[in-house]
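Novice: Dropping the structure in here first, questions after.
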Amino acid sequence: MIRSAFKTLLSPLHTFLKDSRAVGIILILCTIISMVLANSSLQEGYVDFWNALFNPAGGHHYQYRSLYLPNSYLLWINDGMMVLFFFLVGMEIKRELTVGELSSIRKSILPVLAAIGGMLFPALIFTLFNAGSDYSHGWGIPMATDIAFSLGILSLLGKRVPVSLKIFLMALAIIDDLGAILTIAIFYTPHLDMHYLLMAGAVLLIPILLNVLKVKRLILYYIPGVVLWYCLFNSGVHATIAGVLLAFCIPQEKIADLVHDLHDPVNFIIMPLFALANTAIQLPSDVVGALHNNISYGIIAGLVLGKPLGIFILSFTAVKLKLASLPSKSGWMQLIGVGLIAGIGFTMSIFISSLAYEEREYQIIAIISVIAASLIAGIAGFIFLRMLKPAPLIKKGS
């Protein structure tokens, strides 16, 4: 009786969590809650909870016995827990590259080129606004597309969006994530400790060798994975890269189960914590005035205009050169709509904002701009696609 009643109470929650829109809805709620608390009478305690350093003199690191670890709850989330997010993303990238939509040149050419356009154009637009200024280092912020939010918006449109277009956006967003990961590793590494970096390289050889030897026991991958994370955290390369490197070493036949096991913890625990911690920002008294800033212009124009423009131009070129064909049952207008939705940056864009700028003032402007741009892009893309009629069938190569 009690078990039946308990199951009845939990059933709606279980159904909601299995809905593809759930992740986006929860992240939006966490963002709203966090920003309300950070600008309420509780602001000082709430903001300090996430940002206060365990050791005020330690910078990003604090010493626990002989270990050097993240120095605040915010850093533990961004440098520690987010490794699992990147581990999950890395496995999804590997799966798509080996057996999925990116496993052949013919399948992958359109989303690959679209993703490249969707990264280059926003970065160029940001640079046009900020070249030569103190803000120029933020060019990587508008490059990213948030998979959870963008696919969540598409799911709201139901059958108006063909499955092939959802697959195209997912493949594009996965390549986009790979581009963001490479950008973080190459361009947002402020200093390098070669001692730890060489140790990380040596440790990485262990899971690589295990993969070559076709070892299936995952614990044997996890142990060097933790050591790899520690070495990278102290090397200056962002520690989350350890998740991606380890993901590419995981045996292919283990990936499906691991992705399934990690989906809920990552999307419903780690991502909400990320949203709560990283949007715990005290808004300036004049928010609109704060957005009259070249950082904001570059981010908003990059995500809202640069994303759809880059995706459309490179896709159009690829199709006209007969290198690729449009997703089935979709047309150019649908592609523009998907390009607009791809301007939802959120998770990765906020993450890069914290790496691009050391000054908290710049980080806050960047985060507010990402949220504003993502809101504009999501609403614009939804309305645009909602107004379209289903596309006529298009012949391959047309």
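Ligands are numbered from 1 in the order shown, chains are lettered A, B, ... in the order of the structure tokens, and residues start at 1 in each chain.
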Which residues, written as a PyMOL selection string, have at least one atom at most 9 Å from stretch 210-223 of chain A, with only C-alpha atoms counted and residues fewer than 6 positions away on the same chain left out?
Specialist: chain A and resi 246+249-251+253-254
Novice: So that I have them on file, write out the residues from the current selection with N, CA and C atoms, as an mmCIF file, in the first residue's frame.
Specialist:
data_model
loop_
_atom_site.group_PDB
_atom_site.id
_atom_site.type_symbol
_atom_site.label_atom_id
_atom_site.label_comp_id
_atom_site.auth_asym_id
_atom_site.auth_seq_id
_atom_site.Cartn_x
_atom_site.Cartn_y
_atom_site.Cartn_z
ATOM 1 N N LEU A 246 40.181 10.708 -20.988
ATOM 2 C CA LEU A 246 39.838 9.380 -20.478
ATOM 3 C C LEU A 246 38.696 8.770 -21.283
ATOM 4 N N CYS A 249 39.561 6.803 -24.210
ATOM 5 C CA CYS A 249 40.246 5.537 -23.925
ATOM 6 C C CYS A 249 39.281 4.420 -23.518
ATOM 7 N N ILE A 250 38.048 4.780 -23.186
ATOM 8 C CA ILE A 250 37.076 3.784 -22.728
ATOM 9 C C ILE A 250 36.723 2.837 -23.879
ATOM 10 N N PRO A 251 36.687 1.519 -23.619
ATOM 11 C CA PRO A 251 36.320 0.564 -24.678
ATOM 12 C C PRO A 251 34.955 0.896 -25.284
ATOM 13 N N GLU A 253 32.542 -0.834 -26.458
ATOM 14 C CA GLU A 253 31.382 -1.620 -26.032
ATOM 15 C C GLU A 253 30.882 -1.238 -24.636
ATOM 16 N N LYS A 254 31.682 -0.465 -23.893
ATOM 17 C CA LYS A 254 31.282 -0.027 -22.548
ATOM 18 C C LYS A 254 30.611 1.346 -22.563
#
Novice: Name the residues in contact with A:Pro142 at a cut-off of 8 Å, using only C-alpha atoms, excluding same-chain residues fewer than 2 positions from it; report them as a PyMOL selection string.
Specialist: chain A and resi 119+122-123+126+139-140+144+298-300+302-303+345+349+370
Novice: Okay, now the selection with N, CA and C atoms, as a PDB file, in the first residue's frame?
Specialist:
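Result file follows (out_32.pdb):
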ATOM      1  N   MET A 119      31.228  28.246 -35.204  1.00  0.00           N
ATOM      2  CA  MET A 119      32.257  28.644 -34.238  1.00  0.00           C
ATOM      3  C   MET A 119      33.061  29.842 -34.732  1.00  0.00           C
ATOM      4  N   PRO A 122      30.917  33.562 -34.894  1.00  0.00           N
ATOM      5  CA  PRO A 122      30.773  34.253 -33.598  1.00  0.00           C
ATOM      6  C   PRO A 122      32.106  34.774 -33.057  1.00  0.00           C
ATOM      7  N   ALA A 123      33.171  33.972 -33.201  1.00  0.00           N
ATOM      8  CA  ALA A 123      34.481  34.420 -32.720  1.00  0.00           C
ATOM      9  C   ALA A 123      34.956  35.656 -33.483  1.00  0.00           C
ATOM     10  N   PHE A 126      32.839  38.702 -32.377  1.00  0.00           N
ATOM     11  CA  PHE A 126      33.308  39.179 -31.069  1.00  0.00           C
ATOM     12  C   PHE A 126      34.607  39.963 -31.233  1.00  0.00           C
ATOM     13  N   TRP A 139      36.953  35.927 -26.967  1.00  0.00           N
ATOM     14  CA  TRP A 139      36.432  35.523 -28.281  1.00  0.00           C
ATOM     15  C   TRP A 139      35.862  34.103 -28.291  1.00  0.00           C
ATOM     16  N   GLY A 140      36.296  33.253 -27.373  1.00  0.00           N
ATOM     17  CA  GLY A 140      35.803  31.871 -27.343  1.00  0.00           C
ATOM     18  C   GLY A 140      34.425  31.728 -26.711  1.00  0.00           C
ATOM     19  N   ALA A 144      30.110  28.487 -28.423  1.00  0.00           N
ATOM     20  CA  ALA A 144      29.526  27.216 -27.983  1.00  0.00           C
ATOM     21  C   ALA A 144      28.013  27.137 -28.180  1.00  0.00           C
ATOM     22  N   GLY A 298      29.738  41.891 -28.378  1.00  0.00           N
ATOM     23  CA  GLY A 298      30.406  40.780 -29.063  1.00  0.00           C
ATOM     24  C   GLY A 298      29.740  39.446 -28.801  1.00  0.00           C
ATOM     25  N   ILE A 299      29.359  39.198 -27.526  1.00  0.00           N
ATOM     26  CA  ILE A 299      28.743  37.921 -27.162  1.00  0.00           C
ATOM     27  C   ILE A 299      27.340  37.801 -27.755  1.00  0.00           C
ATOM     28  N   ILE A 300      26.518  38.836 -27.578  1.00  0.00           N
ATOM     29  CA  ILE A 300      25.141  38.772 -28.054  1.00  0.00           C
ATOM     30  C   ILE A 300      25.086  38.706 -29.574  1.00  0.00           C
ATOM     31  N   GLY A 302      27.493  37.709 -31.495  1.00  0.00           N
ATOM     32  CA  GLY A 302      28.124  36.456 -31.903  1.00  0.00           C
ATOM     33  C   GLY A 302      27.171  35.276 -31.835  1.00  0.00           C
ATOM     34  N   LEU A 303      26.439  35.172 -30.731  1.00  0.00           N
ATOM     35  CA  LEU A 303      25.526  34.041 -30.561  1.00  0.00           C
ATOM     36  C   LEU A 303      24.242  34.185 -31.382  1.00  0.00           C
ATOM     37  N   GLY A 345      23.944  29.440 -25.976  1.00  0.00           N
ATOM     38  CA  GLY A 345      25.293  29.052 -25.545  1.00  0.00           C
ATOM     39  C   GLY A 345      25.317  28.438 -24.162  1.00  0.00           C
ATOM     40  N   SER A 349      29.423  28.310 -22.732  1.00  0.00           N
ATOM     41  CA  SER A 349      29.751  29.730 -22.833  1.00  0.00           C
ATOM     42  C   SER A 349      30.013  30.342 -21.457  1.00  0.00           C
ATOM     43  N   VAL A 370      25.633  36.151 -21.956  1.00  0.00           N
ATOM     44  CA  VAL A 370      25.351  34.793 -22.436  1.00  0.00           C
ATOM     45  C   VAL A 370      23.896  34.420 -22.162  1.00  0.00           C
TER      46      VAL A 370
END
Novice: Work out how far atom CA of A:Gly117 is from atom CA of A:Lys307, in Å to one decimal.
Specialist: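 So the two atoms, atom CA of A:Lys307 and atom CA of A:Gly117, lie 7.5 Å apart.
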Novice: What gap, in Å, lies between atom CA of A:Gly58 and atom CA of A:Thr240?
Specialist: 20.4 Å
Novice: Just asking: which residues within stretch 12-231 of chain A are alpha helix (DSSP H) according to DSSP, as a ChimeraX atom specification?
Specialist: /A:12-18,22-38,43-51,73-75,82-98,105-130,147-156,163-187,194-212,219-231
Novice: Pick out the closest residue to A:Trp332 from this set: A:Leu75, A:Val288, A:Val163, A:Leu385. Count only C-alpha atoms.
Specialist: A:Leu385
Novice: Would you mind telling me which residue in A:Tyr135, A:Phe85, A:Phe346, A:Trp229 lies nearest to A:Ala373 when using only C-alpha atoms?
Specialist: A:Phe346
Novice: When DSSP is applied to the backbone of this structure, which of stretch 38-153 of chain A are assigned strand (DSSP E or B)? Write them out as a list in words.
Specialist: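 Taking stretch 38-153 of chain A and keeping strand (DSSP E or B) only, one gets His61, Tyr62, Gln63, Tyr64, Leu67, Tyr68, Leu69 and Pro70 of chain A.
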